[in-house]
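K.L.:
You'll find run.cif just under this line, and it carries mmCIF, C-alpha atoms and all ligand atoms.
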data_coords
#
loop_
_atom_site.label_atom_id
_atom_site.label_comp_id
_atom_site.auth_asym_id
_atom_site.auth_seq_id
_atom_site.Cartn_x
_atom_site.Cartn_y
_atom_site.Cartn_z
CA MET A 1106 -12.16 4.35 -9.97
CA ASP A 1107 -9.67 5.27 -12.70
CA GLY A 1108 -9.92 2.05 -14.69
CA ARG A 1109 -6.62 0.53 -13.65
CA ARG A 1110 -8.27 -2.48 -12.00
CA GLU A 1111 -10.27 -3.18 -15.15
CA ARG A 1112 -7.23 -2.75 -17.36
CA LEU A 1113 -5.25 -5.16 -15.20
CA LYS A 1114 -8.09 -7.66 -15.41
CA GLU A 1115 -8.11 -7.34 -19.19
CA LEU A 1116 -4.36 -7.90 -19.25
CA PHE A 1117 -4.74 -10.97 -17.05
CA LEU A 1118 -7.33 -12.43 -19.41
CA ASP A 1119 -5.10 -11.63 -22.39
CA ILE A 1120 -2.01 -13.37 -21.04
CA LYS A 1121 -3.20 -16.09 -18.62
CA ASP A 1122 -2.87 -18.76 -21.32
CA CYS A 1123 0.43 -17.41 -22.64
CA ASN A 1124 2.66 -19.96 -24.35
CA ASP A 1125 5.45 -17.64 -25.40
CA CYS A 1126 8.09 -19.78 -23.74
CA GLY A 1127 8.50 -23.40 -22.72
CA LEU A 1128 7.53 -22.79 -19.09
CA CYS A 1129 3.90 -22.92 -20.13
CA ASN A 1130 4.32 -26.69 -20.46
CA THR A 1131 5.82 -27.32 -17.02
CA LYS A 1132 3.96 -24.87 -14.78
CA THR A 1133 0.92 -25.78 -12.70
CA ARG A 1134 -0.63 -22.32 -12.57
CA PHE A 1135 0.05 -18.98 -14.18
CA VAL A 1136 0.99 -16.39 -11.53
CA PHE A 1137 -0.04 -12.93 -12.66
CA GLY A 1138 0.62 -11.11 -9.40
CA SER A 1139 -1.73 -9.64 -6.86
CA GLY A 1140 -2.50 -6.51 -4.94
CA ASN A 1141 -3.81 -3.04 -5.48
CA ALA A 1142 -4.12 -1.92 -9.10
CA SER A 1143 -3.47 1.67 -8.02
CA ALA A 1144 -0.56 0.84 -5.74
CA GLU A 1145 2.16 3.41 -5.23
CA LEU A 1146 4.58 0.59 -4.41
CA LEU A 1147 5.29 -2.32 -6.75
CA PHE A 1148 7.44 -5.30 -5.79
CA ILE A 1149 9.01 -7.42 -8.52
CA GLY A 1150 10.47 -10.80 -7.63
CA GLU A 1151 12.09 -13.42 -9.80
CA ALA A 1152 9.59 -16.15 -10.63
CA PRO A 1153 6.97 -18.29 -8.92
CA GLY A 1154 8.27 -21.01 -6.61
CA LYS A 1155 6.62 -24.27 -5.65
CA ASN A 1156 3.87 -22.83 -3.45
CA GLU A 1157 3.17 -19.96 -5.82
CA ASP A 1158 2.91 -22.39 -8.70
CA LEU A 1159 0.37 -24.48 -6.79
CA GLN A 1160 -1.73 -21.58 -5.57
CA GLY A 1161 -1.42 -19.16 -8.48
CA LEU A 1162 -0.39 -16.35 -6.13
CA PRO A 1163 2.96 -14.58 -5.66
CA PHE A 1164 5.04 -14.87 -2.50
CA VAL A 1165 2.88 -17.28 -0.52
CA GLY A 1166 5.66 -19.44 0.95
CA ARG A 1167 8.10 -18.65 3.72
CA ALA A 1168 9.67 -15.82 1.76
CA GLY A 1169 6.16 -14.44 1.39
CA GLN A 1170 5.72 -14.46 5.14
CA ILE A 1171 8.92 -12.46 5.48
CA LEU A 1172 7.62 -10.01 2.91
CA ASP A 1173 4.35 -9.68 4.84
CA ASP A 1174 6.24 -9.04 8.06
CA LEU A 1175 8.44 -6.43 6.41
CA LEU A 1176 5.40 -4.70 4.98
CA ALA A 1177 3.77 -4.70 8.41
CA SER A 1178 6.92 -3.18 9.88
CA ILE A 1179 6.28 -0.04 7.84
CA GLY A 1180 2.54 -0.06 8.38
CA LEU A 1181 1.54 -1.63 5.06
CA HIS A 1182 -0.23 -4.80 3.96
CA ARG A 1183 -0.63 -6.60 0.65
CA GLY A 1184 -3.84 -4.84 -0.21
CA GLN A 1185 -1.93 -1.57 -0.46
CA VAL A 1186 0.86 -2.72 -2.78
CA PHE A 1187 1.19 -4.85 -5.91
CA ILE A 1188 3.44 -7.90 -6.01
CA THR A 1189 4.52 -9.74 -9.14
CA ASN A 1190 7.51 -11.46 -10.73
CA VAL A 1191 9.65 -11.21 -13.85
CA LEU A 1192 8.38 -14.62 -14.96
CA LYS A 1193 4.74 -15.56 -14.58
CA CYS A 1194 5.37 -19.32 -14.74
CA ARG A 1195 7.58 -21.40 -12.47
CA PRO A 1196 10.93 -22.63 -13.81
CA PRO A 1197 11.32 -26.36 -13.04
CA LYS A 1198 13.00 -27.02 -9.69
CA ASN A 1199 13.20 -23.28 -9.11
CA ARG A 1200 16.14 -22.91 -11.44
CA ASP A 1201 17.17 -19.42 -12.51
CA PRO A 1202 15.16 -17.79 -15.30
CA ARG A 1203 16.81 -18.22 -18.69
CA PRO A 1204 17.49 -15.15 -20.81
CA GLU A 1205 15.07 -16.27 -23.50
CA GLU A 1206 12.34 -16.73 -20.89
CA VAL A 1207 12.88 -13.25 -19.50
CA GLU A 1208 12.85 -11.87 -23.02
CA ALA A 1209 9.57 -13.65 -23.76
CA CYS A 1210 7.89 -12.62 -20.52
CA LYS A 1211 9.13 -9.10 -19.83
CA GLY A 1212 6.44 -7.47 -21.94
CA HIS A 1213 3.79 -8.72 -19.50
CA LEU A 1214 5.62 -7.07 -16.63
CA PHE A 1215 6.12 -3.80 -18.48
CA GLU A 1216 2.43 -3.71 -19.29
CA GLN A 1217 1.62 -4.19 -15.60
CA ILE A 1218 3.95 -1.33 -14.69
CA SER A 1219 2.40 0.88 -17.34
CA ILE A 1220 -1.12 0.23 -16.04
CA ILE A 1221 -0.38 0.48 -12.31
CA GLY A 1222 1.98 3.46 -12.59
CA PRO A 1223 3.66 2.97 -9.21
CA LYS A 1224 5.66 5.75 -7.62
CA VAL A 1225 8.23 3.29 -6.25
CA ILE A 1226 9.41 0.05 -7.85
CA CYS A 1227 11.20 -2.26 -5.47
CA THR A 1228 13.12 -4.98 -7.25
CA LEU A 1229 13.69 -8.10 -5.14
CA GLY A 1230 16.99 -9.73 -5.93
CA LYS A 1231 19.21 -10.02 -8.95
CA HIS A 1232 16.89 -10.98 -11.78
CA SER A 1233 14.28 -8.26 -11.50
CA THR A 1234 16.92 -5.65 -10.73
CA GLN A 1235 18.95 -6.56 -13.78
CA LEU A 1236 15.88 -6.43 -15.99
CA ILE A 1237 14.50 -3.14 -14.73
CA LEU A 1238 17.86 -1.37 -14.66
CA ASN A 1239 19.06 -3.10 -17.83
CA THR A 1240 22.35 -4.10 -16.28
CA LYS A 1241 24.42 -7.23 -15.77
CA LYS A 1242 25.65 -6.10 -12.36
CA GLY A 1243 24.96 -8.25 -9.33
CA ILE A 1244 22.50 -7.25 -6.64
CA SER A 1245 25.24 -6.63 -4.08
CA GLY A 1246 26.56 -3.74 -6.16
CA LEU A 1247 23.10 -2.27 -6.73
CA ARG A 1248 21.30 -2.75 -3.41
CA GLY A 1249 21.20 0.38 -1.35
CA ARG A 1250 21.36 2.69 -4.34
CA VAL A 1251 18.51 4.75 -5.66
CA TYR A 1252 17.57 5.10 -9.30
CA ARG A 1253 15.19 7.87 -10.13
CA THR A 1254 13.55 9.70 -12.97
CA GLU A 1255 10.98 12.45 -12.73
CA GLU A 1256 8.14 9.99 -12.22
CA ARG A 1257 9.51 6.97 -10.53
CA VAL A 1258 12.02 5.60 -8.05
CA VAL A 1259 13.63 2.17 -8.38
CA LEU A 1260 15.03 0.63 -5.21
CA PRO A 1261 16.88 -2.68 -5.59
CA ILE A 1262 16.87 -4.79 -2.44
CA ASN A 1263 17.68 -8.38 -1.56
CA HIS A 1264 15.13 -11.07 -2.23
CA PRO A 1265 13.29 -11.95 1.02
CA ALA A 1266 14.31 -15.61 0.53
CA ALA A 1267 17.88 -14.52 1.21
CA ALA A 1268 16.85 -13.80 4.80
CA LEU A 1269 15.43 -17.26 5.47
CA TYR A 1270 18.65 -18.56 6.97
CA ASN A 1271 20.56 -15.34 7.47
CA PRO A 1272 19.51 -12.97 10.28
CA HIS A 1273 21.93 -10.31 9.05
CA LYS A 1274 20.16 -10.15 5.70
CA LEU A 1275 16.87 -9.77 7.51
CA ASP A 1276 18.28 -6.75 9.32
CA VAL A 1277 19.40 -5.29 6.00
CA LEU A 1278 15.93 -5.86 4.56
CA LYS A 1279 14.32 -4.13 7.53
CA LYS A 1280 16.50 -1.09 6.98
CA ASP A 1281 15.70 -1.11 3.28
CA PHE A 1282 11.99 -1.20 4.02
CA GLU A 1283 12.36 1.84 6.24
CA ARG A 1284 13.92 3.58 3.25
CA ILE A 1285 11.05 2.47 1.04
CA LYS A 1286 8.70 4.14 3.48
CA THR A 1287 10.60 7.39 3.33
CA PHE A 1288 10.32 7.41 -0.46
CA LEU A 1289 6.61 6.75 -0.30
CA ASP A 1290 6.33 9.63 2.14
CA LYS A 1291 8.40 11.85 -0.19
CA GLU A 1292 10.89 12.61 2.52
CA GLU A 1293 13.97 11.04 0.96
CA THR A 1294 16.92 13.44 0.80
CA GLU A 1295 19.90 11.17 0.52
CA LYS A 1296 22.29 11.09 -2.38
CA GLU A 1297 20.78 9.66 -5.52
CA ARG A 1298 22.32 7.93 -8.46
CA PRO A 1299 20.81 9.13 -11.73
CA VAL A 1300 19.31 6.53 -14.01
CA LYS A 1301 21.48 7.75 -16.88
CA ASP A 1302 24.50 6.36 -15.02
CA MET A 1303 23.14 2.91 -15.78
CA GLY A 1304 23.10 3.49 -19.53
CA GLN A 1305 19.78 3.54 -21.31
CA GLY A 1306 18.21 1.15 -18.76
CA PRO A 1307 14.67 2.03 -17.72
CA ARG A 1308 14.18 4.69 -20.38
CA GLN A 1309 15.13 2.19 -23.05
CA LEU A 1310 12.53 -0.15 -21.68
CA GLY A 1311 9.88 2.49 -22.05
CA LEU A 1312 8.92 2.30 -18.40
CA PHE A 1313 9.31 5.93 -17.46
S1 LIG B 1 6.83 -17.54 -18.31
FE1 LIG B 1 5.89 -15.75 -19.25
S2 LIG B 1 6.40 -15.92 -21.46
FE2 LIG B 1 6.71 -17.93 -20.52
S3 LIG B 1 4.76 -19.01 -20.86
FE3 LIG B 1 4.70 -18.07 -18.79
S4 LIG B 1 3.68 -16.09 -19.12
FE4 LIG B 1 4.36 -16.80 -21.13
#
Turn this file's structure into structure tokens for me.
Ligand code: SF4
P.N.:
Amino acid sequence: MDGRRERLKELFLDIKDCNDCGLCNTKTRFVFGSGNASAELLFIGEAPGKNEDLQGLPFVGRAGQILDDLLASIGLHRGQVFITNVLKCRPPKNRDPRPEEVEACKGHLFEQISIIGPKVICTLGKHSTQLILNTKKGISGLRGRVYRTEERVVLPINHPAAALYNPHKLDVLKKDFERIKTFLDKEETEKERPVKDMGQGPRQLGLF
């Protein structure tokens, strides 16, 4: 044991009653995230949805089932990774996170990243990708690229919910998960795009 599980627990207790933005008044349950505190692979989604809000767990609806299936396709399960979101409380009617909400909540996420210290961060969809890479670009221009520093790789991919009604997007996700596996196995050799190309992004955020 290296203390990461205990530190994550302490963080959970510190922030579970957070009221730093208005979502604390409309949520049902705070959704910290779940998984392995020593995970090499961290997934970051957007925000809890209806089912997550009710259960207090991330990715438990149909998109969560897709995520489980994709993990299984590369020989992984939830107990080996950590899954969380940019926002820990559900926006009403699943609307997009507002900038002030992301600003209020991002410190919780950065603390989770600091404690877990994953080798690979996989951002799911636009909102987490824009936050982690500190960019306004859309996910379609970022997915498929690799952002790396000495310690960490960031792989933006589509949100699993995008595949619910689109088989093509599911195929793209499957391919992206195969790439995730190669990074975890340290066998990736393809062309990389340096983080500095994105401006001060992750370094500015103090994540790396
Ligand atoms: S969304 Fe984040 S900042 Fe807002 S109340 Fe919930 S935990 Fe706090």
K.L.:
Find, counting all atoms listed in the file, the residue in A:Pro1223, A:Pro1265, A:Pro1204, A:Gly1249 that gets nearest to Cys1126 (chain A).
P.N.:
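Going through A:Pro1223, A:Pro1265, A:Pro1204, A:Gly1249 one by one, the smallest distance to Cys1126 (chain A) is for A:Pro1204.
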K.L.:
Once you count only C-alpha atoms and all ligand atoms, which residues end up within 7 Å of ligand LIG 1 (chain B), and could you hand them over as number ranges by chain?
P.N.:
A: 1120-1121, 1123-1129, 1135, 1192-1194, 1206, 1209-1210
K.L.:
CA of Val1207 (chain A) and CA of Leu1159 (chain A) are how many Å apart?
P.N.:
21.1 Å
K.L.:
Separation of CA of Ala1168 (chain A) and CA of Leu1269 (chain A), in Å?
P.N.:
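Result for CA of Ala1168 (chain A) versus CA of Leu1269 (chain A): 7.0 Å, one decimal.
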K.L.:
Find the distance between CA of Ile1226 (chain A) and CA of Asp1122 (chain A) and write it in Å to one decimal.
P.N.:
26.2 Å
K.L.:
Rank A:Lys1242, A:Arg1167, A:Lys1280, A:Lys1155 by their smallest atom-to-atom distance to Asn1199 (chain A), using all atoms listed in the file, and report the top residue only.
P.N.:
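Looking only at the distances to Asn1199 (chain A), the closest residue turns out to be A:Lys1155.
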